[in-house]
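Please read the structure below before turning to the comments.
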Amino acid sequence: MSQKVTISTVAAHARVSRQTVSNVLNAPHIVREETRLRVQEAITELGYRANQAARQMRTGRSRLIAVRIEPTRDGINGSVLDRFLHGLTETAESAGYRVMLYTATDAHQEIDAFDDLLGAYDLDAFVLTGTERGDPRTAWLAGRDVPFVTFGRPWDAPDPHPWVDVDNAAGTAQATRHLLATGHRRIGYIGWPLPTSAVGGERRSGWHETLREAGVDPGGLDRETVDGIAEGERTMRELLAAAEPPTAVVCASDSLALGALQAVRGSAAYAPPAGPPTPGGPVAVVGFDDTPVAAAVGLTSVSQPLGVAAARCVDLLTGVLDGQPVDSPVLLQPSLVRRQTA
C-alpha cells in the first residue's frame, strides 16, 4: 500500500514549512507567488487531497462560493457570462475555493435560491451578476450578513458593497470615436429599453455624449428594443427607412449588431465598408461583448476583460472573508476590436 500523503509530505517535497502549505490551501493570497506555485506543483505531483471536513472544522469555512447561471437566450450573448464563469472557477480554484452553480430566471427567484442554498449547504459567499437599479438581492444578502461581491455596480445602493464592473460608457464611446474618425457623422444607436436596463443606459450615454462632444446632434438616431437578433434586424430596418438614415450604428450587444448587419446586408448589394462613408453606401456596424460569433463573421465589437473581472471578484471575496481591507470599487476598461464591419 502506498504511503499516505500528508501536509508534512508536501512541505518536505516543496522545501517549505507545514504552515506555508496550510497557507497555500487556506489563504493563498498571503503567500508569495513563487512559493505558492512550488507548493501547488508539489500537491499535484504527490496527489495530495485535503480533508475538507477537517479544513472546515479548523477554518469555519466550506470553501464554497455560489454564482447563478443566466437563462439560455439566443446562444450568443450567453457566452459572455460563460467566459466570466470559466475565469471565476479557475481563479477560485487557485485560491482554494470551489464554485457552485445555480439557476434563476429573475431576482426574486434568485432570492428564493439563496434561501434554499443557505439552508442546504454551508456556503461561504455569493458572486452576483447583472445588477440593476433597486436590486433586491444585495439588500437580502446584506440584511442577513451573507458575504458577497457583485460583477456589476450598485446603481442606487445607499451602502455600496464590494464590486467589479466594466466601464460600459467608455466602450460605446470608443466605438463612436472610431466611427467619427473614419468619417461618419450620422451614427445611430440600437440599445435596450430605458430606464429598465441600467447597463443599457450606460452604453447609450457613451454614444450620446461622444456625439455631442463632437458637435453632432444625436437626436432621432437611436432606437430601443429588447435584446435579440430578430429585434436588431427589425430596428435597423426602421433606421434605414428614415429620411436621413445613419451611415453607421453602434449596438448595445452583439446579438443586436448581428441583426442590424442582416438588415444592412439585405437592404442593397452589400460590400464591407472601405474608405470614407458615402450616401447609400454600406452602413458600418459595431457590436458589444466581442463574442465568438462576432469574431466568426468579422463584426467589430467592444471587448470586456472578463477574465480580469472574474479574478478581481475572487480577490475581493477572499479579502472580505479574511476580514481584510478590500480595494473596491474596481472599474475595468474595455477595448474595441476592429474587424471588417467598421
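To be explicit about the labels: the chains of the C-alpha cells are called A, B, and onward in the order shown, and within each one the residues are counted from 1, while ligands get numbers from 1 in the order they are shown.
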
I want to know what sits within 9 Å of Val293 in chain A, based on only C-alpha atoms, with residues of the same chain fewer than 5 positions away left out; could you give that as a PDB file with N, CA and C atoms, in the first residue's frame?
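What landed in part.pdb:
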```
ATOM      1  N   ILE A  76     -25.810  33.575 -28.099  1.00  0.00           N
ATOM      2  CA  ILE A  76     -24.704  34.467 -28.456  1.00  0.00           C
ATOM      3  C   ILE A  76     -24.211  35.205 -27.230  1.00  0.00           C
ATOM      4  N   ASP A 254     -23.847  42.174 -29.206  1.00  0.00           N
ATOM      5  CA  ASP A 254     -23.534  41.524 -30.476  1.00  0.00           C
ATOM      6  C   ASP A 254     -24.788  40.929 -31.113  1.00  0.00           C
ATOM      7  N   LEU A 258     -25.677  41.782 -34.858  1.00  0.00           N
ATOM      8  CA  LEU A 258     -25.813  40.776 -35.908  1.00  0.00           C
ATOM      9  C   LEU A 258     -27.129  40.946 -36.655  1.00  0.00           C
ATOM     10  N   GLY A 298     -16.673  38.576 -38.581  1.00  0.00           N
ATOM     11  CA  GLY A 298     -15.940  39.800 -38.855  1.00  0.00           C
ATOM     12  C   GLY A 298     -16.594  41.049 -38.316  1.00  0.00           C
ATOM     13  N   LEU A 299     -17.343  40.918 -37.209  1.00  0.00           N
ATOM     14  CA  LEU A 299     -18.045  42.063 -36.623  1.00  0.00           C
ATOM     15  C   LEU A 299     -17.122  42.834 -35.685  1.00  0.00           C
TER      16      LEU A 299
END
```

### DSSP strand (DSSP E or B) selection over range 172-287 of chain A, as a list in words
Ile187, Gly188, Tyr189, Ile190, Gly191, Asp222, Arg223, Glu224, Ala248, Val249, Val250, Cys251, Ala284, Val285, Val286 and Gly287 of chain A

## Note on the structure
Closest of A:Ala173, A:Ala142, A:Ala241, A:Leu194 to Arg212 in chain A, counting only C-alpha atoms, is A:Ala173

### Query
Nearest to Asp115 in chain A among A:Val297, A:Ala175, A:Leu141, A:Glu231, with distances taken over only C-alpha atoms: which residue is it?
A:Leu141

### Message
I want to know what sits within 9 Å of range 39-45 of chain A, based on only C-alpha atoms, with residues of the same chain fewer than 5 positions away left out; could you give that as an NGL selection string?
### Response
:A and (7 or 10-11 or 13-16 or 20-21 or 24-25 or 34 or 94)

### Among the residues A:Cys313, A:Val330, A:Val286, A:Ala243, the one that comes closest to Arg177 in chain A [using only C-alpha atoms]
A:Val286

### Message
I'd like the contact shell of Gly96 in chain A - 10 Å cut-off, only C-alpha atoms, skipping same-chain residues fewer than 6 positions apart - returned as a count of residues only.
### Response
10

List as a Markdown table every residue of range 232-264 of chain A that is in contact with range 186-190 of chain A, defined as an atom at most 9 Å from one of its atoms (using only C-alpha atoms), together with the nearest atom pair and the distance in Å rounded to one decimal, sorted by chain and then rising number.
```
| residue | atom | partner | partner_atom | distance |
| --- | --- | --- | --- | --- |
| A:Gly232 | CA | A:Ile190 | CA | 7.4 |
| A:Thr235 | CA | A:Ile190 | CA | 7.4 |
| A:Met236 | CA | A:Ile190 | CA | 7.7 |
| A:Leu239 | CA | A:Gly188 | CA | 7.8 |
| A:Glu244 | CA | A:Arg186 | CA | 8.4 |
| A:Pro245 | CA | A:Arg186 | CA | 7.5 |
| A:Pro246 | CA | A:Arg186 | CA | 4.7 |
| A:Thr247 | CA | A:Arg186 | CA | 5.7 |
| A:Ala248 | CA | A:Ile187 | CA | 4.8 |
| A:Val249 | CA | A:Gly188 | CA | 4.3 |
| A:Val250 | CA | A:Tyr189 | CA | 4.8 |
| A:Cys251 | CA | A:Ile190 | CA | 4.8 |
| A:Ala252 | CA | A:Ile190 | CA | 6.3 |
| A:Ser253 | CA | A:Ile190 | CA | 8.8 |
| A:Leu256 | CA | A:Ile190 | CA | 7.2 |
| A:Ala257 | CA | A:Ile190 | CA | 8.2 |
| A:Ala260 | CA | A:Ile190 | CA | 8.6 |
```

N, CA and C atoms of the current selection, written as a short mmCIF file (atom, residue, chain, number, x, y, z; two decimals), in the first residue's frame:
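Contents of result17.cif, freshly written:
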```cif
data_model
loop_
_atom_site.label_atom_id
_atom_site.label_comp_id
_atom_site.auth_asym_id
_atom_site.auth_seq_id
_atom_site.Cartn_x
_atom_site.Cartn_y
_atom_site.Cartn_z
N GLY A 232 -32.86 43.20 -33.44
CA GLY A 232 -31.86 44.09 -34.01
C GLY A 232 -32.10 44.32 -35.50
N THR A 235 -35.25 46.63 -35.91
CA THR A 235 -34.97 48.00 -35.51
C THR A 235 -34.04 48.70 -36.51
N MET A 236 -33.08 47.96 -37.04
CA MET A 236 -32.18 48.55 -38.03
C MET A 236 -32.93 48.89 -39.31
N LEU A 239 -34.42 52.25 -38.87
CA LEU A 239 -33.43 53.32 -39.04
C LEU A 239 -33.09 53.54 -40.51
N GLU A 244 -33.30 60.43 -43.41
CA GLU A 244 -31.85 60.54 -43.40
C GLU A 244 -31.29 59.39 -42.56
N PRO A 245 -31.10 58.25 -43.17
CA PRO A 245 -30.63 57.07 -42.41
C PRO A 245 -29.19 57.25 -41.96
N PRO A 246 -28.80 56.53 -40.92
CA PRO A 246 -27.41 56.60 -40.45
C PRO A 246 -26.47 55.92 -41.42
N THR A 247 -25.22 56.33 -41.39
CA THR A 247 -24.18 55.65 -42.17
C THR A 247 -23.43 54.65 -41.32
N ALA A 248 -23.71 54.64 -40.02
CA ALA A 248 -23.08 53.69 -39.09
C ALA A 248 -24.00 53.53 -37.90
N VAL A 249 -23.84 52.41 -37.19
CA VAL A 249 -24.66 52.17 -36.00
C VAL A 249 -23.83 51.45 -34.94
N VAL A 250 -24.00 51.88 -33.69
CA VAL A 250 -23.41 51.22 -32.53
C VAL A 250 -24.53 50.48 -31.82
N CYS A 251 -24.28 49.24 -31.43
CA CYS A 251 -25.32 48.42 -30.80
C CYS A 251 -24.90 48.02 -29.38
N ALA A 252 -25.91 47.83 -28.52
CA ALA A 252 -25.65 47.50 -27.11
C ALA A 252 -25.21 46.07 -26.91
N SER A 253 -25.30 45.23 -27.93
CA SER A 253 -24.89 43.83 -27.82
C SER A 253 -24.53 43.29 -29.19
N LEU A 256 -27.84 42.24 -31.10
CA LEU A 256 -28.47 43.35 -31.82
C LEU A 256 -27.65 43.72 -33.05
N ALA A 257 -26.33 43.71 -32.91
CA ALA A 257 -25.47 44.07 -34.03
C ALA A 257 -25.57 43.06 -35.18
N ALA A 260 -28.69 43.85 -36.92
CA ALA A 260 -28.50 45.07 -37.71
C ALA A 260 -27.71 44.77 -38.97
#
```

### Task
Would you please extract all alpha helix (DSSP H) residues from range 273-323 of chain A, as assigned by DSSP on the backbone, and give them as number ranges by chain?
A: 292-297, 306-321
